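Here is the file upload-v5.cif (mmCIF, N, CA, C and O atoms).
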data_target
loop_
_atom_site.group_PDB
_atom_site.id
_atom_site.type_symbol
_atom_site.label_atom_id
_atom_site.label_comp_id
_atom_site.auth_asym_id
_atom_site.auth_seq_id
_atom_site.Cartn_x
_atom_site.Cartn_y
_atom_site.Cartn_z
ATOM 1 N N MET J 17 73.315 15.118 48.917
ATOM 2 C CA MET J 17 72.004 14.965 48.326
ATOM 3 C C MET J 17 70.990 15.695 49.205
ATOM 4 O O MET J 17 70.933 15.465 50.407
ATOM 5 N N PRO J 18 70.151 16.568 48.592
ATOM 6 C CA PRO J 18 69.204 17.331 49.405
ATOM 7 C C PRO J 18 68.090 16.439 49.943
ATOM 8 O O PRO J 18 67.665 15.496 49.303
ATOM 9 N N LYS J 19 67.624 16.776 51.127
ATOM 10 C CA LYS J 19 66.517 16.053 51.732
ATOM 11 C C LYS J 19 65.246 16.864 51.532
ATOM 12 O O LYS J 19 65.234 18.072 51.721
ATOM 13 N N PHE J 20 64.186 16.182 51.138
ATOM 14 C CA PHE J 20 62.903 16.824 50.940
ATOM 15 C C PHE J 20 61.908 16.278 51.950
ATOM 16 O O PHE J 20 61.881 15.082 52.227
ATOM 17 N N SER J 21 61.088 17.176 52.459
ATOM 18 C CA SER J 21 60.074 16.730 53.408
ATOM 19 C C SER J 21 58.929 16.058 52.657
ATOM 20 O O SER J 21 58.746 16.239 51.457
ATOM 21 N N ARG J 22 58.184 15.266 53.373
ATOM 22 C CA ARG J 22 57.030 14.606 52.757
ATOM 23 C C ARG J 22 56.012 15.627 52.270
ATOM 24 O O ARG J 22 55.366 15.443 51.260
ATOM 25 N N ARG J 23 55.890 16.714 52.987
ATOM 26 C CA ARG J 23 54.948 17.754 52.602
ATOM 27 C C ARG J 23 55.362 18.401 51.276
ATOM 28 O O ARG J 23 54.528 18.662 50.418
ATOM 29 N N ALA J 24 56.657 18.626 51.084
ATOM 30 C CA ALA J 24 57.136 19.216 49.835
ATOM 31 C C ALA J 24 56.933 18.266 48.666
ATOM 32 O O ALA J 24 56.537 18.678 47.565
ATOM 33 N N ILE J 25 57.187 16.988 48.896
ATOM 34 C CA ILE J 25 57.002 15.991 47.843
ATOM 35 C C ILE J 25 55.521 15.875 47.489
ATOM 36 O O ILE J 25 55.152 15.803 46.312
ATOM 37 N N ALA J 26 54.642 15.887 48.482
ATOM 38 C CA ALA J 26 53.208 15.804 48.241
ATOM 39 C C ALA J 26 52.710 17.036 47.484
ATOM 40 O O ALA J 26 51.879 16.925 46.582
ATOM 41 N N ALA J 27 53.229 18.220 47.816
ATOM 42 C CA ALA J 27 52.827 19.444 47.126
ATOM 43 C C ALA J 27 53.274 19.410 45.666
ATOM 44 O O ALA J 27 52.532 19.801 44.764
ATOM 45 N N PHE J 28 54.480 18.918 45.431
ATOM 46 C CA PHE J 28 54.975 18.805 44.063
ATOM 47 C C PHE J 28 54.138 17.812 43.267
ATOM 48 O O PHE J 28 53.752 18.073 42.127
ATOM 49 N N ALA J 29 53.827 16.666 43.858
ATOM 50 C CA ALA J 29 53.027 15.650 43.171
ATOM 51 C C ALA J 29 51.636 16.186 42.855
ATOM 52 O O ALA J 29 51.092 15.934 41.770
ATOM 53 N N ALA J 30 51.045 16.927 43.763
ATOM 54 C CA ALA J 30 49.719 17.489 43.525
ATOM 55 C C ALA J 30 49.752 18.530 42.409
ATOM 56 O O ALA J 30 48.854 18.592 41.578
ATOM 57 N N ALA J 31 50.807 19.332 42.370
ATOM 58 C CA ALA J 31 50.927 20.344 41.320
ATOM 59 C C ALA J 31 51.102 19.703 39.950
ATOM 60 O O ALA J 31 50.518 20.153 38.960
ATOM 61 N N VAL J 32 51.879 18.647 39.884
ATOM 62 C CA VAL J 32 52.106 17.967 38.609
ATOM 63 C C VAL J 32 50.845 17.227 38.165
ATOM 64 O O VAL J 32 50.498 17.225 36.986
ATOM 65 N N ALA J 33 50.145 16.616 39.100
ATOM 66 C CA ALA J 33 48.960 15.824 38.755
ATOM 67 C C ALA J 33 47.808 16.699 38.268
ATOM 68 O O ALA J 33 47.008 16.260 37.454
ATOM 69 N N THR J 34 47.718 17.937 38.740
ATOM 70 C CA THR J 34 46.601 18.790 38.353
ATOM 71 C C THR J 34 46.905 19.624 37.115
ATOM 72 O O THR J 34 46.016 20.277 36.598
ATOM 73 N N ARG J 35 48.117 19.584 36.639
ATOM 74 C CA ARG J 35 48.488 20.341 35.446
ATOM 75 C C ARG J 35 47.958 19.622 34.207
ATOM 76 O O ARG J 35 48.191 18.437 34.032
ATOM 77 N N PRO J 36 47.258 20.322 33.307
ATOM 78 C CA PRO J 36 46.727 19.645 32.117
ATOM 79 C C PRO J 36 47.840 19.278 31.144
ATOM 80 O O PRO J 36 48.842 19.985 31.029
ATOM 81 N N ALA J 37 47.663 18.177 30.467
ATOM 82 C CA ALA J 37 48.640 17.730 29.477
ATOM 83 C C ALA J 37 48.466 18.539 28.202
ATOM 84 O O ALA J 37 47.355 18.706 27.705
ATOM 85 N N THR J 38 49.546 19.051 27.665
ATOM 86 C CA THR J 38 49.490 19.854 26.445
ATOM 87 C C THR J 38 50.510 19.358 25.426
ATOM 88 O O THR J 38 51.135 20.131 24.728
ATOM 89 N N ALA J 39 50.680 18.075 25.337
ATOM 90 C CA ALA J 39 51.715 17.525 24.477
ATOM 91 C C ALA J 39 51.345 17.605 23.003
ATOM 92 O O ALA J 39 52.185 17.921 22.179
ATOM 93 N N GLN J 40 50.104 17.317 22.650
ATOM 94 C CA GLN J 40 49.712 17.268 21.251
ATOM 95 C C GLN J 40 48.315 17.826 21.072
ATOM 96 O O GLN J 40 47.526 17.851 21.993
ATOM 97 N N THR J 41 48.053 18.266 19.861
ATOM 98 C CA THR J 41 46.687 18.631 19.504
ATOM 99 C C THR J 41 46.191 17.622 18.488
ATOM 100 O O THR J 41 46.950 17.094 17.684
ATOM 101 N N VAL J 42 44.904 17.370 18.493
ATOM 102 C CA VAL J 42 44.311 16.363 17.624
ATOM 103 C C VAL J 42 43.776 17.054 16.382
ATOM 104 O O VAL J 42 43.034 18.022 16.476
ATOM 105 N N HIS J 43 44.152 16.549 15.200
ATOM 106 C CA HIS J 43 43.729 17.165 13.943
ATOM 107 C C HIS J 43 42.803 16.289 13.126
ATOM 108 O O HIS J 43 42.482 16.619 12.010
ATOM 109 N N GLY J 44 42.382 15.186 13.636
ATOM 110 C CA GLY J 44 41.495 14.298 12.889
ATOM 111 C C GLY J 44 40.795 13.355 13.837
ATOM 112 O O GLY J 44 40.920 13.469 15.055
ATOM 113 N N PRO J 45 40.051 12.415 13.288
ATOM 114 C CA PRO J 45 39.363 11.473 14.171
ATOM 115 C C PRO J 45 40.348 10.569 14.902
ATOM 116 O O PRO J 45 41.395 10.216 14.378
ATOM 117 N N VAL J 46 40.001 10.217 16.112
ATOM 118 C CA VAL J 46 40.827 9.348 16.948
ATOM 119 C C VAL J 46 40.212 7.956 16.907
ATOM 120 O O VAL J 46 38.996 7.816 17.007
ATOM 121 N N ARG J 47 41.046 6.941 16.746
ATOM 122 C CA ARG J 47 40.552 5.568 16.719
ATOM 123 C C ARG J 47 40.989 4.842 17.977
ATOM 124 O O ARG J 47 42.148 4.893 18.356
ATOM 125 N N ILE J 48 40.040 4.179 18.607
ATOM 126 C CA ILE J 48 40.338 3.280 19.718
ATOM 127 C C ILE J 48 40.092 1.869 19.196
ATOM 128 O O ILE J 48 38.982 1.543 18.796
ATOM 129 N N ILE J 49 41.131 1.071 19.162
ATOM 130 C CA ILE J 49 40.999 -0.298 18.673
ATOM 131 C C ILE J 49 40.805 -1.220 19.867
ATOM 132 O O ILE J 49 41.647 -1.298 20.749
ATOM 133 N N VAL J 50 39.666 -1.905 19.872
ATOM 134 C CA VAL J 50 39.334 -2.845 20.939
ATOM 135 C C VAL J 50 39.589 -4.250 20.402
ATOM 136 O O VAL J 50 38.962 -4.660 19.426
ATOM 137 N N PRO J 51 40.506 -4.988 21.006
ATOM 138 C CA PRO J 51 40.875 -6.296 20.451
ATOM 139 C C PRO J 51 39.938 -7.440 20.838
ATOM 140 O O PRO J 51 40.379 -8.577 20.941
ATOM 141 N N TYR J 52 38.680 -7.136 21.053
ATOM 142 C CA TYR J 52 37.706 -8.154 21.425
ATOM 143 C C TYR J 52 36.443 -7.969 20.604
ATOM 144 O O TYR J 52 36.238 -6.933 19.972
ATOM 145 N N ASN J 53 35.563 -8.935 20.637
ATOM 146 C CA ASN J 53 34.301 -8.866 19.903
ATOM 147 C C ASN J 53 33.398 -7.777 20.472
ATOM 148 O O ASN J 53 33.468 -7.451 21.662
ATOM 149 N N PRO J 54 32.523 -7.198 19.639
ATOM 150 C CA PRO J 54 31.610 -6.170 20.136
ATOM 151 C C PRO J 54 30.592 -6.733 21.122
ATOM 152 O O PRO J 54 30.229 -7.901 21.071
ATOM 153 N N GLY J 55 30.154 -5.880 22.029
ATOM 154 C CA GLY J 55 29.128 -6.259 22.988
ATOM 155 C C GLY J 55 29.658 -6.676 24.337
ATOM 156 O O GLY J 55 28.892 -6.805 25.284
ATOM 157 N N GLY J 56 30.950 -6.852 24.463
ATOM 158 C CA GLY J 56 31.527 -7.241 25.741
ATOM 159 C C GLY J 56 31.795 -6.036 26.620
ATOM 160 O O GLY J 56 31.574 -4.885 26.239
ATOM 161 N N ILE J 57 32.279 -6.294 27.811
ATOM 162 C CA ILE J 57 32.532 -5.203 28.762
ATOM 163 C C ILE J 57 33.642 -4.276 28.269
ATOM 164 O O ILE J 57 33.584 -3.060 28.478
ATOM 165 N N THR J 58 34.622 -4.827 27.569
ATOM 166 C CA THR J 58 35.698 -3.993 27.031
ATOM 167 C C THR J 58 35.148 -3.029 25.991
ATOM 168 O O THR J 58 35.525 -1.850 25.965
ATOM 169 N N ASP J 59 34.268 -3.498 25.144
ATOM 170 C CA ASP J 59 33.647 -2.656 24.128
ATOM 171 C C ASP J 59 32.795 -1.570 24.770
ATOM 172 O O ASP J 59 32.858 -0.402 24.378
ATOM 173 N N ILE J 60 32.018 -1.925 25.768
ATOM 174 C CA ILE J 60 31.151 -0.960 26.446
ATOM 175 C C ILE J 60 31.977 0.123 27.135
ATOM 176 O O ILE J 60 31.668 1.318 27.037
ATOM 177 N N LEU J 61 33.047 -0.274 27.808
ATOM 178 C CA LEU J 61 33.913 0.712 28.473
ATOM 179 C C LEU J 61 34.611 1.605 27.458
ATOM 180 O O LEU J 61 34.744 2.814 27.671
ATOM 181 N N ALA J 62 35.072 1.034 26.348
ATOM 182 C CA ALA J 62 35.740 1.834 25.314
ATOM 183 C C ALA J 62 34.778 2.861 24.730
ATOM 184 O O ALA J 62 35.169 3.997 24.463
ATOM 185 N N ARG J 63 33.535 2.482 24.534
ATOM 186 C CA ARG J 63 32.555 3.432 23.992
ATOM 187 C C ARG J 63 32.222 4.539 24.995
ATOM 188 O O ARG J 63 32.016 5.692 24.608
ATOM 189 N N ALA J 64 32.210 4.215 26.268
ATOM 190 C CA ALA J 64 31.983 5.248 27.294
ATOM 191 C C ALA J 64 33.152 6.226 27.333
ATOM 192 O O ALA J 64 32.956 7.443 27.422
ATOM 193 N N VAL J 65 34.363 5.696 27.240
ATOM 194 C CA VAL J 65 35.549 6.551 27.220
ATOM 195 C C VAL J 65 35.561 7.403 25.950
ATOM 196 O O VAL J 65 35.882 8.593 25.988
ATOM 197 N N ALA J 66 35.194 6.808 24.825
ATOM 198 C CA ALA J 66 35.162 7.543 23.557
ATOM 199 C C ALA J 66 34.176 8.697 23.613
ATOM 200 O O ALA J 66 34.438 9.783 23.082
ATOM 201 N N GLN J 67 33.049 8.486 24.264
ATOM 202 C CA GLN J 67 32.051 9.554 24.381
ATOM 203 C C GLN J 67 32.613 10.723 25.194
ATOM 204 O O GLN J 67 32.439 11.884 24.820
ATOM 205 N N GLN J 68 33.298 10.425 26.276
ATOM 206 C CA GLN J 68 33.897 11.489 27.087
ATOM 207 C C GLN J 68 35.035 12.184 26.344
ATOM 208 O O GLN J 68 35.198 13.396 26.432
ATOM 209 N N MET J 69 35.826 11.403 25.614
ATOM 210 C CA MET J 69 36.926 11.999 24.844
ATOM 211 C C MET J 69 36.399 12.908 23.748
ATOM 212 O O MET J 69 36.990 13.959 23.477
ATOM 213 N N THR J 70 35.296 12.529 23.113
ATOM 214 C CA THR J 70 34.698 13.366 22.073
ATOM 215 C C THR J 70 34.283 14.710 22.657
ATOM 216 O O THR J 70 34.507 15.754 22.046
ATOM 217 N N ALA J 71 33.697 14.680 23.829
ATOM 218 C CA ALA J 71 33.264 15.934 24.468
ATOM 219 C C ALA J 71 34.451 16.813 24.829
ATOM 220 O O ALA J 71 34.400 18.030 24.671
ATOM 221 N N GLN J 72 35.537 16.220 25.301
ATOM 222 C CA GLN J 72 36.686 17.016 25.742
ATOM 223 C C GLN J 72 37.586 17.454 24.593
ATOM 224 O O GLN J 72 38.118 18.556 24.610
ATOM 225 N N LEU J 73 37.772 16.592 23.592
ATOM 226 C CA LEU J 73 38.676 16.924 22.500
ATOM 227 C C LEU J 73 38.019 17.751 21.407
ATOM 228 O O LEU J 73 38.695 18.458 20.667
ATOM 229 N N GLY J 74 36.706 17.629 21.276
ATOM 230 C CA GLY J 74 36.012 18.358 20.227
ATOM 231 C C GLY J 74 36.169 17.720 18.854
ATOM 232 O O GLY J 74 35.919 18.363 17.845
ATOM 233 N N THR J 75 36.602 16.496 18.782
ATOM 234 C CA THR J 75 36.714 15.751 17.528
ATOM 235 C C THR J 75 36.107 14.372 17.721
ATOM 236 O O THR J 75 35.896 13.944 18.852
ATOM 237 N N SER J 76 35.811 13.703 16.633
ATOM 238 C CA SER J 76 35.155 12.400 16.762
ATOM 239 C C SER J 76 36.152 11.333 17.206
ATOM 240 O O SER J 76 37.306 11.327 16.783
ATOM 241 N N VAL J 77 35.673 10.460 18.065
ATOM 242 C CA VAL J 77 36.456 9.325 18.549
ATOM 243 C C VAL J 77 35.699 8.071 18.144
ATOM 244 O O VAL J 77 34.535 7.904 18.501
ATOM 245 N N VAL J 78 36.356 7.209 17.358
ATOM 246 C CA VAL J 78 35.719 6.027 16.792
ATOM 247 C C VAL J 78 36.258 4.784 17.488
ATOM 248 O O VAL J 78 37.471 4.629 17.644
ATOM 249 N N VAL J 79 35.361 3.896 17.895
ATOM 250 C CA VAL J 79 35.749 2.627 18.504
ATOM 251 C C VAL J 79 35.669 1.551 17.432
ATOM 252 O O VAL J 79 34.624 1.373 16.812
ATOM 253 N N GLU J 80 36.781 0.879 17.193
ATOM 254 C CA GLU J 80 36.821 -0.212 16.214
ATOM 255 C C GLU J 80 37.046 -1.525 16.945
ATOM 256 O O GLU J 80 37.998 -1.655 17.701
ATOM 257 N N ASN J 81 36.163 -2.473 16.720
ATOM 258 C CA ASN J 81 36.323 -3.807 17.297
ATOM 259 C C ASN J 81 37.024 -4.690 16.278
ATOM 260 O O ASN J 81 36.534 -4.858 15.166
ATOM 261 N N ARG J 82 38.161 -5.217 16.669
ATOM 262 C CA ARG J 82 38.917 -6.121 15.802
ATOM 263 C C ARG J 82 39.315 -7.340 16.620
ATOM 264 O O ARG J 82 40.251 -7.277 17.418
ATOM 265 N N ALA J 83 38.606 -8.413 16.411
ATOM 266 C CA ALA J 83 38.943 -9.639 17.119
ATOM 267 C C ALA J 83 40.338 -10.090 16.676
ATOM 268 O O ALA J 83 40.648 -10.097 15.488
ATOM 269 N N GLY J 84 41.190 -10.393 17.608
ATOM 270 C CA GLY J 84 42.550 -10.797 17.298
ATOM 271 C C GLY J 84 43.499 -9.633 17.096
ATOM 272 O O GLY J 84 44.614 -9.810 16.634
ATOM 273 N N ALA J 85 43.085 -8.420 17.450
ATOM 274 C CA ALA J 85 43.938 -7.253 17.253
ATOM 275 C C ALA J 85 45.005 -7.119 18.328
ATOM 276 O O ALA J 85 45.726 -6.135 18.355
ATOM 277 N N LYS J 86 45.109 -8.087 19.189
ATOM 278 C CA LYS J 86 46.140 -8.034 20.223
ATOM 279 C C LYS J 86 47.539 -8.076 19.629
ATOM 280 O O LYS J 86 48.487 -7.682 20.262
ATOM 281 N N VAL J 87 47.630 -8.541 18.400
ATOM 282 C CA VAL J 87 48.943 -8.673 17.776
ATOM 283 C C VAL J 87 49.162 -7.645 16.684
ATOM 284 O O VAL J 87 49.968 -7.837 15.789
ATOM 285 N N LEU J 88 48.442 -6.522 16.723
ATOM 286 C CA LEU J 88 48.639 -5.461 15.737
ATOM 287 C C LEU J 88 50.046 -4.913 15.836
ATOM 288 O O LEU J 88 50.624 -4.787 16.915
ATOM 289 N N THR J 89 50.589 -4.552 14.717
ATOM 290 C CA THR J 89 51.904 -3.926 14.718
ATOM 291 C C THR J 89 51.747 -2.422 14.775
ATOM 292 O O THR J 89 50.652 -1.875 14.628
ATOM 293 N N ARG J 90 52.837 -1.731 14.901
ATOM 294 C CA ARG J 90 52.802 -0.267 14.963
ATOM 295 C C ARG J 90 52.535 0.360 13.608
ATOM 296 O O ARG J 90 52.351 1.538 13.509
ATOM 297 N N ASN J 91 52.552 -0.390 12.547
ATOM 298 C CA ASN J 91 52.382 0.163 11.209
ATOM 299 C C ASN J 91 50.960 0.610 10.915
ATOM 300 O O ASN J 91 50.737 1.294 9.949
ATOM 301 N N LYS J 92 49.990 0.223 11.704
ATOM 302 C CA LYS J 92 48.600 0.611 11.427
ATOM 303 C C LYS J 92 48.221 1.842 12.156
ATOM 304 O O LYS J 92 48.626 2.218 13.133
#

Could you rewrite the structure in this file as structure tokens?
Amino acid sequence: MPKFSRRAIAAFAAAVATRPATAQTVHGPVRIIVPYNPGGITDILARAVAQQMTAQLGTSVVVENRAGAKVLTRNK
């Protein structure tokens, strides 16, 4: 088994971490489902993230508050 130095491992980790993700392109609006009532800290943080995502993705990002959405299935 080859031995790697800490410096080599750190260089590899830095190269992987700075590489942009190119897995998918977005073709429509993105929905963020917040499983809590509006006005809470989770809602405020989701809206801040949505604003940044809109700027970076170039498409609209919608925050939906659904109380009890913790049990949503994958079908939605």

Provide the atom N of Ala83 of chain J to atom O of Ala71 of chain J distance in Å, to one decimal place. 28.0 Å

Calculated over all atoms listed in the file, which of the candidates J:Arg22, J:Ala29, J:Leu73, J:Arg63 has the smallest distance to Ile48 of chain J?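 Checking each of J:Arg22, J:Ala29, J:Leu73, J:Arg63 against Ile48 of chain J, counting all atoms listed in the file, the winner is J:Arg63.
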
Run through the PyMOL selection byres ((chain J and resi 49) around 8) on the given coordinates and return the selected residues as a ChimeraX atom specification. /J:46-48,50-52,78-82,85-86

One decimal, in Å: what's the spacing between atom O of Ala64 of chain J and atom C of Thr41 of chain J? 18.9 Å

Suppose you want the space between atom CA of Ala66 of chain J and atom CA of Ala31 of chain J; what is it in Å?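 These atoms are spaced 27.0 Å apart.
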
Residues near Pro45 of chain J, anyone? I mean within 9 Å using only C-alpha atoms, not counting same-chain ones fewer than 6 positions away, as a list in words.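 Here the qualifying residues turn out to be Thr75, Ser76, Val77 and Val78 of chain J.
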